[in-house]
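Shown next, in structure tokens, is the structure this report addresses.
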Amino acid sequence: MLKIKNIDAFFGKIQVLRRVSLHVGGGEIASLIGANGAGKTTLLNVISGLHPTPNGSRIFMDTETRGWKPEKIVARGLIQVPETDKVFNPLTIMENLELGAYPRHQDRATLHQEIETIFHLFPILRERKEQPAGTLSGGERQMLGLGKALMGRPKLLMLDEPSLGLAPTIVSEIFRIIQSLNGRGTTILLVEQNAKEALRISHRAYVLDTGRIVLTGTGEELLGNEEVKRAFLGKDYRGKWER
Amino acid sequence: MPIFKPDIETMERQEMLELQNERLQIVVNQAYSNVDFYRRKFDEVGLNPDDIKSLADLKRIPFTTRKDLMENYPYGMFAVPLRDVVRLQFPLGLYGNPIVIGYTREDLKIWRELVARIMVGVGITEHDIIQVAFNYGLFLGAVRFNQSAELIGAAVVPTSIASAEVQIRIMQDFRSTALASTPSFALHIIEAMGKKGINPRTLSLKIGLFGAEPWPEDVRQVIEENLGIKAYDIYGVMELVEPGVAGECVARAGLHIFEDHFLPEVIDPQTGQVLDGGQEGELVITTLTTSAYPLLRYRTSDVTSLHTERCSCGRTMARMDRVLKRTDEMISVRGINVFPEKIQEVLASIEGIGPAYSMVVAEKRGMNDRLKVRVEAKEEILEGQEERRITLQEIIQLALRRALGLRVEVELTKRP
């Protein structure tokens, strides 16, 4: 569904992505894990058309999206839920959801029908539908962010650190929702620092390290990979040749 | 036709090339940052790992040779910390510095799957009983049959080095349906059957997996006719996985290389130039998924050619011709690799003989069967007591047997 090939990206003179290539197959949950500053968010921004890249190709549903404006990419069904600023704080939940459907221009009846489906998925949002988004808790904002993205009818949903700053019980809830969205046919590219949870639900995953992809495999393979364990699931300071 | 991993084995060619490209970039990143040897090699030719943008850039990477592996013995080629390694394999019979190949748990899992792909590809199922008559001590890949058979639910009888008589008895009593061995040993079994007057049609054997030495088509014919089976070729590289790099399918139109794990090239062994599909040359392999012991453009010394058209079995993976030649001096005697360099090394360690020697190979049905080494000896030994001469012969024989794992006849000759 998505094929990224040889993407470089820079912040000024600093290179943050180095010929990154990866793919996400239709129906998959693929995740991209890596430490802070590895370039994960930049890569999502490149895919969404928000960050310029001098080279490489980004093929979404068999079409090269190089040079496309972000709104055109969104309209195609490639939707990113950013790490921060995923909702409009002063607007109500209803308004946020309506905005999510903006790229698709449709009549109000269908719109409300679709909002109903979102409320069905996240009952807590229905209870607060007239409240400004700024009054929501972290977990609720995450749900609203997801709901808003779903209103755009994504074919591929890119989630940037959905577990960030959430209490552990809410984290499991969010991951469960991600899995169920995938179960209904949405392809997902998940960016996470919480490697353990992300790998647990991923079909495949990539590890990004200082701008380069250094490892790939199924979620299960990477969960068992010693390199991943050392990097993300607890430090190990022994020398290379110590057993 | 049965295929173990259809999504991979019948993947569209273009998609496979993209997968390989992605994996190549990752293995280059890993090798460059984790293995000093590769970092040095890249730096020497001014190559940055980020320069590898497509499969066409592969040819910019310097070759890796067996000499490199020897020079970096023991752990210099490892890309993971030693504690991630769960198997250390030590191929016998190599000359000079030894080499040691490490495998992580994940590496072994992949290897197990690859041999299972071969088994399924030739029609082995959970209903089969596979008799493995490879030498488990000398052929390090033999144990792989056990694990891969378990994966598909087939039963294994590791008969290993049991005599031909015992092998036949087991075939009869256990009703083995598949035989895995060197082709030489299959010929030996056929001979023993002939002597005992056993009709192969009374056996349950259907399928044979043969490898670890070159075997021409006429040998295949002899084996098939005399055992009443279909005989398939399997291929591996001692320094990667053996067997498990490639295997024939029922169409027998070459050996399918598991290209999702190994990236093959064929080069002119003299110039190093990459050759087009169909042209004969030296097989070069780049591992795409190996964690512990990644090899970039490893020169296998095996001569073959590659074909990428879709096979009638449905697989899209490239096929290599059967390997019958080498680019080096190595010969295979009853499935045991013999490097002349190793023989030279052994002879040089014994006083009173050499330096000149020659190897004489006795063939049986076109296969190397026995090895004789003729070596020059001092005149005083040749013309002295017979006892002393025989003792020396025995010393040489024992030393060669220890070094090669093969019984070698020894003849002492006069210096010119």
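Within each chain, counting starts at residue 1; across the structure tokens, chains are named A, B, ... in the order shown, with ligands numbered 1 upward in that order.
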Quick one: which residues from chain B are at most 12 Å off chain A, using only C-alpha atoms, as an MDAnalysis selection string?
chainID B and resid 15 18:35 48:54 74:76 78:86 104:107 109:110 288:292
Could you name the residues that touch segment 173-175 of chain A at 8 Å or less, counting only C-alpha atoms, but leaving out those on the same chain fewer than 6 positions away, as a list in words?
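In the requested format, the answer is Gly139, Gln142, Met143, Pro162, Ser163, Glu197, Ala198 and Ile201 of chain A.
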Selection file, N, CA and C atoms, as a PDB file, in the first residue's frame:
ATOM      1  N   GLY A 139      -5.839  10.584  27.555  1.00  0.00           N
ATOM      2  CA  GLY A 139      -6.384   9.417  26.859  1.00  0.00           C
ATOM      3  C   GLY A 139      -7.552   9.798  25.967  1.00  0.00           C
ATOM      4  N   GLN A 142      -6.413  11.512  22.878  1.00  0.00           N
ATOM      5  CA  GLN A 142      -5.886  10.527  21.942  1.00  0.00           C
ATOM      6  C   GLN A 142      -7.040   9.885  21.166  1.00  0.00           C
ATOM      7  N   MET A 143      -8.124   9.569  21.912  1.00  0.00           N
ATOM      8  CA  MET A 143      -9.287   8.966  21.258  1.00  0.00           C
ATOM      9  C   MET A 143      -9.917   9.939  20.271  1.00  0.00           C
ATOM     10  N   PRO A 162       1.052   7.179  19.898  1.00  0.00           N
ATOM     11  CA  PRO A 162      -0.261   7.282  20.530  1.00  0.00           C
ATOM     12  C   PRO A 162      -0.238   6.982  22.030  1.00  0.00           C
ATOM     13  N   SER A 163       0.819   6.377  22.506  1.00  0.00           N
ATOM     14  CA  SER A 163       0.822   6.011  23.926  1.00  0.00           C
ATOM     15  C   SER A 163       1.533   7.048  24.781  1.00  0.00           C
ATOM     16  N   GLU A 197       4.841  -2.741  23.559  1.00  0.00           N
ATOM     17  CA  GLU A 197       3.414  -2.739  23.217  1.00  0.00           C
ATOM     18  C   GLU A 197       3.226  -2.695  21.699  1.00  0.00           C
ATOM     19  N   ALA A 198       4.037  -1.859  21.046  1.00  0.00           N
ATOM     20  CA  ALA A 198       3.890  -1.701  19.598  1.00  0.00           C
ATOM     21  C   ALA A 198       4.188  -3.016  18.886  1.00  0.00           C
ATOM     22  N   ILE A 201       1.476  -5.832  18.905  1.00  0.00           N
ATOM     23  CA  ILE A 201       0.318  -5.795  18.004  1.00  0.00           C
ATOM     24  C   ILE A 201       0.711  -5.678  16.523  1.00  0.00           C
TER      25      ILE A 201
END
When DSSP works through the backbone of this structure, what residues of segment 357-416 of chain B end up as alpha helix (DSSP H), shown as a ChimeraX atom specification?
/B:379-383,386-404
Only N, CA and C atoms, please: the residues just picked out, written as a short mmCIF file (atom, residue, chain, number, x, y, z; two decimals), in the first residue's frame.
data_model
loop_
_atom_site.label_atom_id
_atom_site.label_comp_id
_atom_site.auth_asym_id
_atom_site.auth_seq_id
_atom_site.Cartn_x
_atom_site.Cartn_y
_atom_site.Cartn_z
N GLU B 379 65.42 -40.75 0.11
CA GLU B 379 65.91 -42.03 -0.42
C GLU B 379 66.16 -43.03 0.70
N GLU B 380 66.76 -42.54 1.82
CA GLU B 380 67.10 -43.44 2.93
C GLU B 380 65.86 -44.12 3.49
N ILE B 381 64.71 -43.45 3.40
CA ILE B 381 63.47 -44.07 3.89
C ILE B 381 63.00 -45.15 2.91
N LEU B 382 63.05 -44.77 1.63
CA LEU B 382 62.57 -45.71 0.62
C LEU B 382 63.43 -46.97 0.55
N GLU B 383 64.73 -46.75 0.76
CA GLU B 383 65.61 -47.90 0.62
C GLU B 383 65.96 -48.53 1.94
N GLU B 386 61.73 -51.89 5.67
CA GLU B 386 60.33 -51.85 5.23
C GLU B 386 59.42 -51.37 6.36
N GLU B 387 59.78 -51.84 7.57
CA GLU B 387 59.00 -51.50 8.76
C GLU B 387 58.88 -49.98 8.93
N ARG B 388 60.03 -49.33 8.74
CA ARG B 388 60.08 -47.89 8.93
C ARG B 388 59.23 -47.18 7.86
N ARG B 389 59.29 -47.73 6.67
CA ARG B 389 58.52 -47.16 5.57
C ARG B 389 57.02 -47.26 5.85
N ILE B 390 56.64 -48.44 6.30
CA ILE B 390 55.22 -48.66 6.58
C ILE B 390 54.74 -47.78 7.74
N THR B 391 55.59 -47.65 8.74
CA THR B 391 55.23 -46.77 9.87
C THR B 391 55.00 -45.35 9.38
N LEU B 392 55.91 -44.88 8.51
CA LEU B 392 55.77 -43.52 8.01
C LEU B 392 54.47 -43.37 7.21
N GLN B 393 54.20 -44.36 6.38
CA GLN B 393 52.96 -44.33 5.60
C GLN B 393 51.75 -44.22 6.53
N GLU B 394 51.81 -44.99 7.60
CA GLU B 394 50.68 -44.98 8.55
C GLU B 394 50.54 -43.64 9.25
N ILE B 395 51.71 -43.06 9.56
CA ILE B 395 51.67 -41.74 10.22
C ILE B 395 51.00 -40.71 9.31
N ILE B 396 51.40 -40.75 8.04
CA ILE B 396 50.83 -39.79 7.08
C ILE B 396 49.32 -40.03 6.93
N GLN B 397 48.99 -41.31 6.81
CA GLN B 397 47.59 -41.68 6.63
C GLN B 397 46.72 -41.19 7.79
N LEU B 398 47.23 -41.41 8.99
CA LEU B 398 46.50 -41.01 10.19
C LEU B 398 46.35 -39.49 10.25
N ALA B 399 47.45 -38.81 9.93
CA ALA B 399 47.41 -37.34 9.97
C ALA B 399 46.40 -36.81 8.96
N LEU B 400 46.38 -37.41 7.77
CA LEU B 400 45.44 -36.96 6.75
C LEU B 400 44.01 -37.28 7.16
N ARG B 401 43.85 -38.45 7.75
CA ARG B 401 42.50 -38.82 8.15
C ARG B 401 41.97 -37.87 9.22
N ARG B 402 42.85 -37.52 10.15
CA ARG B 402 42.44 -36.57 11.20
C ARG B 402 42.11 -35.21 10.61
N ALA B 403 42.91 -34.79 9.64
CA ALA B 403 42.73 -33.44 9.09
C ALA B 403 41.53 -33.36 8.15
N LEU B 404 41.27 -34.43 7.41
CA LEU B 404 40.24 -34.36 6.38
C LEU B 404 38.95 -35.06 6.76
#
What gap, in Å, lies between atom CA of Tyr298 of chain B and atom CA of Thr64 of chain B?
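These atoms are spaced 4.6 Å apart.
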Please identify the strand (DSSP E or B) residues within segment 7-238 of chain A (assignment by DSSP from backbone atoms) and present them as a ChimeraX atom specification.
/A:7-11,14-24,29-33,57-60,63-64,78-81,92,132,156-160,187-192,204-209,212-218
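You will find atom CA of Ala356 of chain B at 27.0 Å from atom CA of Pro91 of chain B.
The spacing separating atom CA of Leu324 of chain B from atom CA of Asp233 of chain B amounts to 11.5 Å.
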Residues near Gly211 of chain B, anyone? I mean within 12 Å using only C-alpha atoms, not counting same-chain ones fewer than 4 positions away, as a CSV table (one decimal) with N, CA and C atoms, in the first residue's frame.
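Saved as result_34.csv:
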chain,number,residue,atom,x,y,z
B,132,VAL,N,17.9,-40.1,7.4
B,132,VAL,CA,19.0,-39.1,7.1
B,132,VAL,C,20.4,-39.9,7.3
B,133,ALA,N,21.0,-40.2,6.2
B,133,ALA,CA,22.2,-41.0,6.2
B,133,ALA,C,23.4,-40.1,5.9
B,134,PHE,N,23.3,-38.8,6.3
B,134,PHE,CA,24.5,-37.9,6.2
B,134,PHE,C,25.3,-38.2,7.4
B,139,PHE,N,29.2,-33.5,8.4
B,139,PHE,CA,28.3,-32.6,7.6
B,139,PHE,C,27.5,-31.9,8.7
B,141,GLY,N,25.4,-29.7,8.5
B,141,GLY,CA,24.0,-29.4,8.2
B,141,GLY,C,23.0,-30.5,8.4
B,142,ALA,N,23.6,-31.7,8.7
B,142,ALA,CA,22.7,-32.9,8.8
B,142,ALA,C,21.6,-32.8,9.8
B,179,LEU,N,15.0,-40.5,1.5
B,179,LEU,CA,16.4,-40.7,1.9
B,179,LEU,C,17.1,-39.4,1.7
B,180,ALA,N,17.9,-39.0,2.7
B,180,ALA,CA,18.7,-37.8,2.5
B,180,ALA,C,20.2,-38.3,2.8
B,181,SER,N,21.0,-38.1,1.8
B,181,SER,CA,22.4,-38.5,1.9
B,181,SER,C,23.3,-37.9,0.9
B,182,THR,N,24.5,-38.2,0.9
B,182,THR,CA,25.4,-37.8,-0.3
B,182,THR,C,25.0,-38.8,-1.4
B,183,PRO,N,25.1,-38.3,-2.6
B,183,PRO,CA,24.8,-39.2,-3.8
B,183,PRO,C,25.8,-40.4,-3.7
B,184,SER,N,27.0,-40.2,-3.3
B,184,SER,CA,28.0,-41.4,-3.2
B,184,SER,C,27.4,-42.5,-2.3
B,185,PHE,N,26.9,-42.0,-1.2
B,185,PHE,CA,26.4,-43.0,-0.3
B,185,PHE,C,25.2,-43.8,-0.8
B,186,ALA,N,24.4,-43.0,-1.6
B,186,ALA,CA,23.2,-43.7,-2.2
B,186,ALA,C,23.7,-44.8,-3.2
B,215,TRP,N,27.1,-34.0,-8.4
B,215,TRP,CA,26.7,-35.3,-8.9
B,215,TRP,C,26.0,-35.1,-10.3
B,216,PRO,N,26.6,-35.6,-11.3
B,216,PRO,CA,26.1,-35.4,-12.7
B,216,PRO,C,24.8,-36.0,-12.9
B,220,ARG,N,22.3,-39.2,-11.2
B,220,ARG,CA,20.9,-39.1,-10.8
B,220,ARG,C,20.0,-40.2,-11.4
B,231,ALA,N,15.0,-38.2,-7.4
B,231,ALA,CA,16.1,-37.7,-6.7
B,231,ALA,C,16.3,-36.2,-6.9
B,232,TYR,N,16.4,-35.5,-5.8
B,232,TYR,CA,16.5,-34.0,-6.0
B,232,TYR,C,17.8,-33.5,-5.4
B,233,ASP,N,18.2,-32.4,-6.0
B,233,ASP,CA,19.5,-31.8,-5.6
B,233,ASP,C,19.2,-30.7,-4.6
B,234,ILE,N,20.0,-30.6,-3.5
B,234,ILE,CA,19.9,-29.5,-2.6
B,234,ILE,C,21.3,-28.8,-2.5
B,235,TYR,N,21.3,-27.5,-2.2
B,235,TYR,CA,22.5,-26.8,-2.2
B,235,TYR,C,22.7,-25.9,-1.0
B,236,GLY,N,23.9,-25.8,-0.5
B,236,GLY,CA,24.2,-24.9,0.6
B,236,GLY,C,25.6,-24.5,0.5
B,237,VAL,N,25.9,-23.5,1.3
B,237,VAL,CA,27.3,-23.0,1.3
B,237,VAL,C,27.8,-23.1,2.8
B,242,GLU,N,24.2,-24.8,5.1
B,242,GLU,CA,24.4,-25.9,4.2
B,242,GLU,C,23.7,-27.1,4.9
B,243,PRO,N,22.6,-27.6,4.3
B,243,PRO,CA,21.9,-27.1,3.1
B,243,PRO,C,21.0,-25.9,3.4
B,244,GLY,N,20.2,-25.5,2.4
B,244,GLY,CA,19.3,-24.4,2.8
B,244,GLY,C,19.4,-23.1,1.9
B,245,VAL,N,20.4,-23.1,1.1
B,245,VAL,CA,20.5,-21.9,0.2
B,245,VAL,C,19.6,-22.0,-1.0
B,246,ALA,N,19.5,-23.3,-1.5
B,246,ALA,CA,18.7,-23.5,-2.7
B,246,ALA,C,18.3,-25.0,-2.8
B,247,GLY,N,17.2,-25.3,-3.5
B,247,GLY,CA,16.9,-26.7,-3.7
B,247,GLY,C,16.0,-26.8,-4.9
B,248,GLU,N,16.0,-28.0,-5.5
B,248,GLU,CA,15.2,-28.3,-6.7
B,248,GLU,C,13.7,-28.4,-6.2
B,255,LEU,N,17.9,-25.2,-9.3
B,255,LEU,CA,17.6,-25.1,-7.9
B,255,LEU,C,17.1,-23.7,-7.5
B,322,ARG,N,22.7,-26.7,-11.5
B,322,ARG,CA,23.4,-27.6,-10.6
B,322,ARG,C,24.9,-27.3,-10.6
B,323,VAL,N,25.5,-27.3,-9.4
B,323,VAL,CA,26.9,-27.0,-9.3
B,323,VAL,C,27.7,-28.3,-9.6
B,324,LEU,N,28.5,-28.3,-10.6
B,324,LEU,CA,29.4,-29.4,-10.9
B,324,LEU,C,30.8,-29.0,-11.0
B,332,SER,N,35.7,-32.9,-4.0
B,332,SER,CA,34.8,-33.6,-3.0
B,332,SER,C,34.9,-35.1,-3.2
B,334,ARG,N,33.4,-38.5,-1.8
B,334,ARG,CA,32.3,-39.1,-1.0
B,334,ARG,C,31.7,-38.1,-0.1
B,335,GLY,N,31.5,-36.9,-0.6
B,335,GLY,CA,30.8,-35.8,0.1
B,335,GLY,C,31.7,-35.1,1.1
B,336,ILE,N,33.0,-35.4,1.2
B,336,ILE,CA,33.9,-34.7,2.1
B,336,ILE,C,34.8,-33.8,1.2
Shell of 12 Å around Ser358 of chain B, only C-alpha atoms, local chain residues under 5 positions omitted, as an MDAnalysis selection string:
chainID B and resid 340:341 343:344 347 371:376 409:413
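The neighbours of Ile267 of chain B here are the residues that come within 9 Å of it, using only C-alpha atoms and leaving out any residue fewer than 4 positions away in the same chain; they are Thr271, Gly272, Gln273, Val274, Leu275, Asp276, Gln279, Glu280, Gly281, Glu282, Leu283 and Val284 of chain B.
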Store the residues picked out above, limited to N, CA and C atoms, as an mmCIF file, in the first residue's frame.
data_model
loop_
_atom_site.group_PDB
_atom_site.id
_atom_site.type_symbol
_atom_site.label_atom_id
_atom_site.label_comp_id
_atom_site.auth_asym_id
_atom_site.auth_seq_id
_atom_site.Cartn_x
_atom_site.Cartn_y
_atom_site.Cartn_z
ATOM 1 N N THR B 271 37.760 -11.549 -13.539
ATOM 2 C CA THR B 271 37.667 -10.087 -13.517
ATOM 3 C C THR B 271 36.770 -9.558 -12.405
ATOM 4 N N GLY B 272 35.937 -10.382 -11.850
ATOM 5 C CA GLY B 272 35.009 -9.923 -10.823
ATOM 6 C C GLY B 272 33.787 -9.237 -11.410
ATOM 7 N N GLN B 273 33.704 -9.171 -12.729
ATOM 8 C CA GLN B 273 32.587 -8.534 -13.420
ATOM 9 C C GLN B 273 31.298 -9.337 -13.221
ATOM 10 N N VAL B 274 30.193 -8.637 -12.957
ATOM 11 C CA VAL B 274 28.918 -9.335 -12.796
ATOM 12 C C VAL B 274 28.420 -9.789 -14.168
ATOM 13 N N LEU B 275 28.001 -11.046 -14.255
ATOM 14 C CA LEU B 275 27.550 -11.593 -15.534
ATOM 15 C C LEU B 275 26.026 -11.571 -15.615
ATOM 16 N N ASP B 276 25.517 -11.530 -16.842
ATOM 17 C CA ASP B 276 24.071 -11.520 -17.061
ATOM 18 C C ASP B 276 23.470 -12.889 -16.768
ATOM 19 N N GLN B 279 24.500 -16.750 -17.933
ATOM 20 C CA GLN B 279 25.937 -16.941 -18.169
ATOM 21 C C GLN B 279 26.584 -17.659 -17.003
ATOM 22 N N GLU B 280 27.540 -18.517 -17.332
ATOM 23 C CA GLU B 280 28.161 -19.314 -16.289
ATOM 24 C C GLU B 280 29.306 -18.566 -15.622
ATOM 25 N N GLY B 281 29.382 -18.666 -14.310
ATOM 26 C CA GLY B 281 30.453 -18.015 -13.570
ATOM 27 C C GLY B 281 30.398 -18.420 -12.111
ATOM 28 N N GLU B 282 31.108 -17.650 -11.293
ATOM 29 C CA GLU B 282 31.164 -17.985 -9.868
ATOM 30 C C GLU B 282 29.963 -17.381 -9.142
ATOM 31 N N LEU B 283 29.355 -18.184 -8.300
ATOM 32 C CA LEU B 283 28.205 -17.714 -7.524
ATOM 33 C C LEU B 283 28.689 -16.858 -6.355
ATOM 34 N N VAL B 284 28.086 -15.678 -6.237
ATOM 35 C CA VAL B 284 28.402 -14.763 -5.142
ATOM 36 C C VAL B 284 27.105 -14.520 -4.384
#
Determine the nearest neighbour of Ala38 of chain A from the options A:Gln193, A:Phe60, A:Lys229, A:Leu111, counting only C-alpha atoms.
A:Gln193
Set the distance at 12 Å and use only C-alpha atoms: which residues neighbour Arg184 of chain A once local chain neighbours fewer than 6 positions away are removed? I'd like the list as a ChimeraX atom specification.
/A:27-29,121,150,153-155,177-178
